[in-house]
Amino acid sequence: MTTPRTPAQPYDGVHLWLRFHSEQECYAVSVVRRDGQVVVKRKTPGGPANGGTYVTLATASAVLAPDAWTLAVATATDLPDGRVRITLELAGHQVLDVTDASPGGLYQPGGVGIRGDNTEFMFRDFSAQPE
């Protein structure tokens with residue numbers, strides 16, 4: 001859905017927040033985007049995006065069928081060496097697996113959430129579990 005005030009952007013779609021500490025510090029996992037990409041980004045404080053800066057950690061192509069339910073599972077797991085492993089599984093298939101070597105404060109647990117940018121979507125059975 002686009003309007004003159006909200007024109008189409010490649011990142012339009014559905015995103016999961018992992019380790020949400022604030023609007024400036026979290027992981028953003030894009031599960032459905034207008035451009036057909038799935039993306040893992042780290043957002044850290046200081047910068048032009050609502051007071052933060054996004055750093056893309058991984059991307060892949062994954063086109064999902066419109067108007068079809070798709071199971072999405074995203075994880076953020078602490079590794080003993082101070083890194084964080086982020087994965088994304090869609091419909092039972094792993095599509096992204098990346099290790100963040102510079103997680104900073106995101107090495108600590110945080111909240112989770114769902115966000116939609118310039119799109120209509122439905123969700124059900126949203127849950128979070130500690131790793």
# chains A, B, ... in the order shown; residues from 1 in each chain; ligands from 1

$ residues_around --residues "Pro66 (chain A)" --least-positions-apart "6" --cutoff "12 Å" --atoms "only C-alpha atoms" --output "list in words"
Gly13, Val32, Arg33, Arg34, Gly36, Thr119, Glu120, Phe121 and Met122 of chain A

$ select_by_dssp --residues "chain A" --states "strand (DSSP E or B)" --output "number ranges by chain"
A: 13-22, 25-33, 37-49, 52-61, 72-78, 84-90, 93-100, 111-117

$ residues_around --residues "region 21-24 of chain A" --least-positions-apart "2" --cutoff "10 Å" --atoms "only C-alpha atoms" --output "number ranges by chain"
A: 17-19, 26-27, 42-47, 49-54, 105-106, 108-112

$ residues_around --residues "Leu96 (chain A)" --least-positions-apart "6" --cutoff "7 Å" --atoms "only C-alpha atoms" --output "list of chain:residue names"
A:Ala60, A:Thr87, A:Leu88

$ residues_around --residues "region 8-12 of chain A" --least-positions-apart "3" --cutoff "10 Å" --atoms "only C-alpha atoms" --output "list in words"
Met1, Thr2, Thr3, Pro4, Arg5, His15, Ser30, Val32, Arg33, Arg34, Asp35, Gly36, Gln37, Val38, Val39, Gly116, Asp117, Asn118 and Thr119 of chain A

$ write_last_selection --atoms "N, CA, C and O atoms" --output "PDB file, in the first residue's frame"
ATOM      1  N   MET A   1       0.837  -1.162   0.000  1.00  0.00           N
ATOM      2  CA  MET A   1       0.000   0.000   0.000  1.00  0.00           C
ATOM      3  C   MET A   1       0.888   1.232   0.000  1.00  0.00           C
ATOM      4  O   MET A   1       1.725   1.396   0.881  1.00  0.00           O
ATOM      5  N   THR A   2       0.765   2.060  -0.995  1.00  0.00           N
ATOM      6  CA  THR A   2       1.558   3.276  -1.065  1.00  0.00           C
ATOM      7  C   THR A   2       0.628   4.467  -1.248  1.00  0.00           C
ATOM      8  O   THR A   2      -0.496   4.334  -1.737  1.00  0.00           O
ATOM      9  N   THR A   3       1.134   5.614  -0.852  1.00  0.00           N
ATOM     10  CA  THR A   3       0.424   6.874  -1.022  1.00  0.00           C
ATOM     11  C   THR A   3       1.452   7.912  -1.437  1.00  0.00           C
ATOM     12  O   THR A   3       2.669   7.654  -1.359  1.00  0.00           O
ATOM     13  N   PRO A   4       1.002   9.116  -1.846  1.00  0.00           N
ATOM     14  CA  PRO A   4       1.991  10.159  -2.144  1.00  0.00           C
ATOM     15  C   PRO A   4       2.884  10.475  -0.941  1.00  0.00           C
ATOM     16  O   PRO A   4       4.052  10.805  -1.099  1.00  0.00           O
ATOM     17  N   ARG A   5       2.325  10.318   0.273  1.00  0.00           N
ATOM     18  CA  ARG A   5       3.111  10.574   1.480  1.00  0.00           C
ATOM     19  C   ARG A   5       4.005   9.409   1.854  1.00  0.00           C
ATOM     20  O   ARG A   5       5.014   9.572   2.561  1.00  0.00           O
ATOM     21  N   HIS A  15       8.883  -6.964   9.462  1.00  0.00           N
ATOM     22  CA  HIS A  15      10.172  -7.077  10.142  1.00  0.00           C
ATOM     23  C   HIS A  15       9.961  -7.548  11.576  1.00  0.00           C
ATOM     24  O   HIS A  15       8.984  -7.184  12.223  1.00  0.00           O
ATOM     25  N   SER A  30      14.255  -8.662   8.590  1.00  0.00           N
ATOM     26  CA  SER A  30      13.207  -8.456   7.588  1.00  0.00           C
ATOM     27  C   SER A  30      12.843  -9.794   6.972  1.00  0.00           C
ATOM     28  O   SER A  30      13.678 -10.445   6.345  1.00  0.00           O
ATOM     29  N   VAL A  32       9.802 -10.326   5.066  1.00  0.00           N
ATOM     30  CA  VAL A  32       9.124 -10.116   3.780  1.00  0.00           C
ATOM     31  C   VAL A  32       9.380  -8.670   3.390  1.00  0.00           C
ATOM     32  O   VAL A  32       9.028  -7.760   4.137  1.00  0.00           O
ATOM     33  N   ARG A  33      10.006  -8.459   2.240  1.00  0.00           N
ATOM     34  CA  ARG A  33      10.259  -7.097   1.760  1.00  0.00           C
ATOM     35  C   ARG A  33       9.777  -6.956   0.325  1.00  0.00           C
ATOM     36  O   ARG A  33       9.727  -7.927  -0.426  1.00  0.00           O
ATOM     37  N   ARG A  34       9.458  -5.741  -0.035  1.00  0.00           N
ATOM     38  CA  ARG A  34       9.004  -5.436  -1.397  1.00  0.00           C
ATOM     39  C   ARG A  34      10.022  -5.900  -2.444  1.00  0.00           C
ATOM     40  O   ARG A  34       9.671  -6.362  -3.512  1.00  0.00           O
ATOM     41  N   ASP A  35      11.320  -5.800  -2.123  1.00  0.00           N
ATOM     42  CA  ASP A  35      12.358  -6.151  -3.091  1.00  0.00           C
ATOM     43  C   ASP A  35      12.708  -7.640  -3.107  1.00  0.00           C
ATOM     44  O   ASP A  35      13.638  -8.054  -3.787  1.00  0.00           O
ATOM     45  N   GLY A  36      11.984  -8.477  -2.345  1.00  0.00           N
ATOM     46  CA  GLY A  36      12.221  -9.920  -2.353  1.00  0.00           C
ATOM     47  C   GLY A  36      13.426 -10.365  -1.555  1.00  0.00           C
ATOM     48  O   GLY A  36      13.855 -11.513  -1.665  1.00  0.00           O
ATOM     49  N   GLN A  37      13.962  -9.487  -0.727  1.00  0.00           N
ATOM     50  CA  GLN A  37      15.125  -9.831   0.088  1.00  0.00           C
ATOM     51  C   GLN A  37      14.703 -10.113   1.519  1.00  0.00           C
ATOM     52  O   GLN A  37      13.705  -9.582   2.014  1.00  0.00           O
ATOM     53  N   VAL A  38      15.440 -10.974   2.197  1.00  0.00           N
ATOM     54  CA  VAL A  38      15.385 -11.107   3.647  1.00  0.00           C
ATOM     55  C   VAL A  38      16.703 -10.539   4.161  1.00  0.00           C
ATOM     56  O   VAL A  38      17.742 -10.707   3.519  1.00  0.00           O
ATOM     57  N   VAL A  39      16.641  -9.840   5.289  1.00  0.00           N
ATOM     58  CA  VAL A  39      17.799  -9.073   5.725  1.00  0.00           C
ATOM     59  C   VAL A  39      17.912  -9.132   7.248  1.00  0.00           C
ATOM     60  O   VAL A  39      16.900  -9.097   7.946  1.00  0.00           O
ATOM     61  N   GLY A 116       5.464  -3.508  10.595  1.00  0.00           N
ATOM     62  CA  GLY A 116       5.145  -3.481   9.176  1.00  0.00           C
ATOM     63  C   GLY A 116       5.401  -2.106   8.621  1.00  0.00           C
ATOM     64  O   GLY A 116       4.980  -1.107   9.204  1.00  0.00           O
ATOM     65  N   ASP A 117       6.131  -2.028   7.517  1.00  0.00           N
ATOM     66  CA  ASP A 117       6.394  -0.761   6.836  1.00  0.00           C
ATOM     67  C   ASP A 117       5.659  -0.754   5.510  1.00  0.00           C
ATOM     68  O   ASP A 117       5.955  -1.572   4.626  1.00  0.00           O
ATOM     69  N   ASN A 118       4.682   0.146   5.388  1.00  0.00           N
ATOM     70  CA  ASN A 118       4.009   0.368   4.109  1.00  0.00           C
ATOM     71  C   ASN A 118       3.440  -0.929   3.530  1.00  0.00           C
ATOM     72  O   ASN A 118       3.598  -1.221   2.348  1.00  0.00           O
ATOM     73  N   THR A 119       2.794  -1.715   4.385  1.00  0.00           N
ATOM     74  CA  THR A 119       2.258  -3.012   3.966  1.00  0.00           C
ATOM     75  C   THR A 119       1.072  -3.391   4.841  1.00  0.00           C
ATOM     76  O   THR A 119       0.891  -2.823   5.918  1.00  0.00           O
TER      77      THR A 119
END

$ atom_distance --atom1 "CA of Thr59 (chain A)" --atom2 "CA of Val40 (chain A)"
6.6 Å

$ decode --residues "region 42-53 of chain A" --atoms "all heavy atoms" --output "tab-separated table (two decimals), in the first residue's frame"
chain	number	residue	atom	x	y	z
A	42	ARG	N	21.78	-4.78	12.27
A	42	ARG	CA	22.00	-4.33	13.65
A	42	ARG	C	21.78	-2.82	13.66
A	42	ARG	O	22.29	-2.11	12.81
A	42	ARG	CB	23.43	-4.64	14.11
A	42	ARG	CG	23.74	-4.06	15.48
A	42	ARG	CD	25.19	-4.20	15.96
A	42	ARG	NE	26.09	-4.93	15.15
A	42	ARG	CZ	27.03	-4.38	14.37
A	42	ARG	NH1	27.13	-3.07	14.24
A	42	ARG	NH2	27.86	-5.14	13.68
A	43	LYS	N	21.02	-2.34	14.63
A	43	LYS	CA	20.84	-0.90	14.79
A	43	LYS	C	21.49	-0.47	16.09
A	43	LYS	O	21.22	-1.05	17.15
A	43	LYS	CB	19.36	-0.52	14.80
A	43	LYS	CG	19.14	0.98	14.75
A	43	LYS	CD	17.67	1.33	14.62
A	43	LYS	CE	17.49	2.83	14.45
A	43	LYS	NZ	16.06	3.18	14.46
A	44	THR	N	22.36	0.53	16.00
A	44	THR	CA	23.07	1.03	17.18
A	44	THR	C	22.80	2.52	17.35
A	44	THR	O	22.48	3.22	16.38
A	44	THR	CB	24.58	0.77	17.05
A	44	THR	OG1	25.04	1.31	15.82
A	44	THR	CG2	24.89	-0.72	17.09
A	45	PRO	N	22.93	3.03	18.57
A	45	PRO	CA	22.64	4.43	18.83
A	45	PRO	C	23.54	5.38	18.06
A	45	PRO	O	24.72	5.10	17.81
A	45	PRO	CB	22.88	4.56	20.34
A	45	PRO	CG	22.74	3.18	20.89
A	45	PRO	CD	23.24	2.28	19.79
A	46	GLY	N	22.97	6.54	17.70
A	46	GLY	CA	23.69	7.59	17.01
A	46	GLY	C	23.58	7.45	15.50
A	46	GLY	O	24.09	6.49	14.94
A	47	GLY	N	22.87	8.34	14.88
A	47	GLY	CA	22.77	8.29	13.43
A	47	GLY	C	21.46	8.83	12.92
A	47	GLY	O	20.61	9.31	13.69
A	48	PRO	N	21.24	8.75	11.61
A	48	PRO	CA	20.11	9.42	10.96
A	48	PRO	C	18.78	8.67	11.01
A	48	PRO	O	17.75	9.24	10.71
A	48	PRO	CB	20.58	9.53	9.51
A	48	PRO	CG	21.45	8.33	9.32
A	48	PRO	CD	22.15	8.15	10.65
A	49	ALA	N	18.76	7.40	11.38
A	49	ALA	CA	17.53	6.60	11.35
A	49	ALA	C	16.89	6.60	12.74
A	49	ALA	O	17.13	5.70	13.54
A	49	ALA	CB	17.81	5.18	10.88
A	50	ASN	N	16.11	7.65	13.02
A	50	ASN	CA	15.45	7.77	14.31
A	50	ASN	C	16.45	7.68	15.47
A	50	ASN	O	16.23	6.98	16.45
A	50	ASN	CB	14.36	6.70	14.45
A	50	ASN	CG	13.39	7.01	15.58
A	50	ASN	OD1	13.16	8.17	15.90
A	50	ASN	ND2	12.83	5.98	16.17
A	51	GLY	N	17.59	8.34	15.29
A	51	GLY	CA	18.61	8.37	16.33
A	51	GLY	C	19.55	7.18	16.34
A	51	GLY	O	20.32	7.00	17.27
A	52	GLY	N	19.49	6.34	15.30
A	52	GLY	CA	20.36	5.17	15.23
A	52	GLY	C	20.92	4.96	13.84
A	52	GLY	O	20.56	5.66	12.90
A	53	THR	N	21.80	3.98	13.74
A	53	THR	CA	22.43	3.62	12.46
A	53	THR	C	22.25	2.13	12.24
A	53	THR	O	22.57	1.32	13.12
A	53	THR	CB	23.93	3.96	12.48
A	53	THR	OG1	24.07	5.37	12.66
A	53	THR	CG2	24.60	3.55	11.18
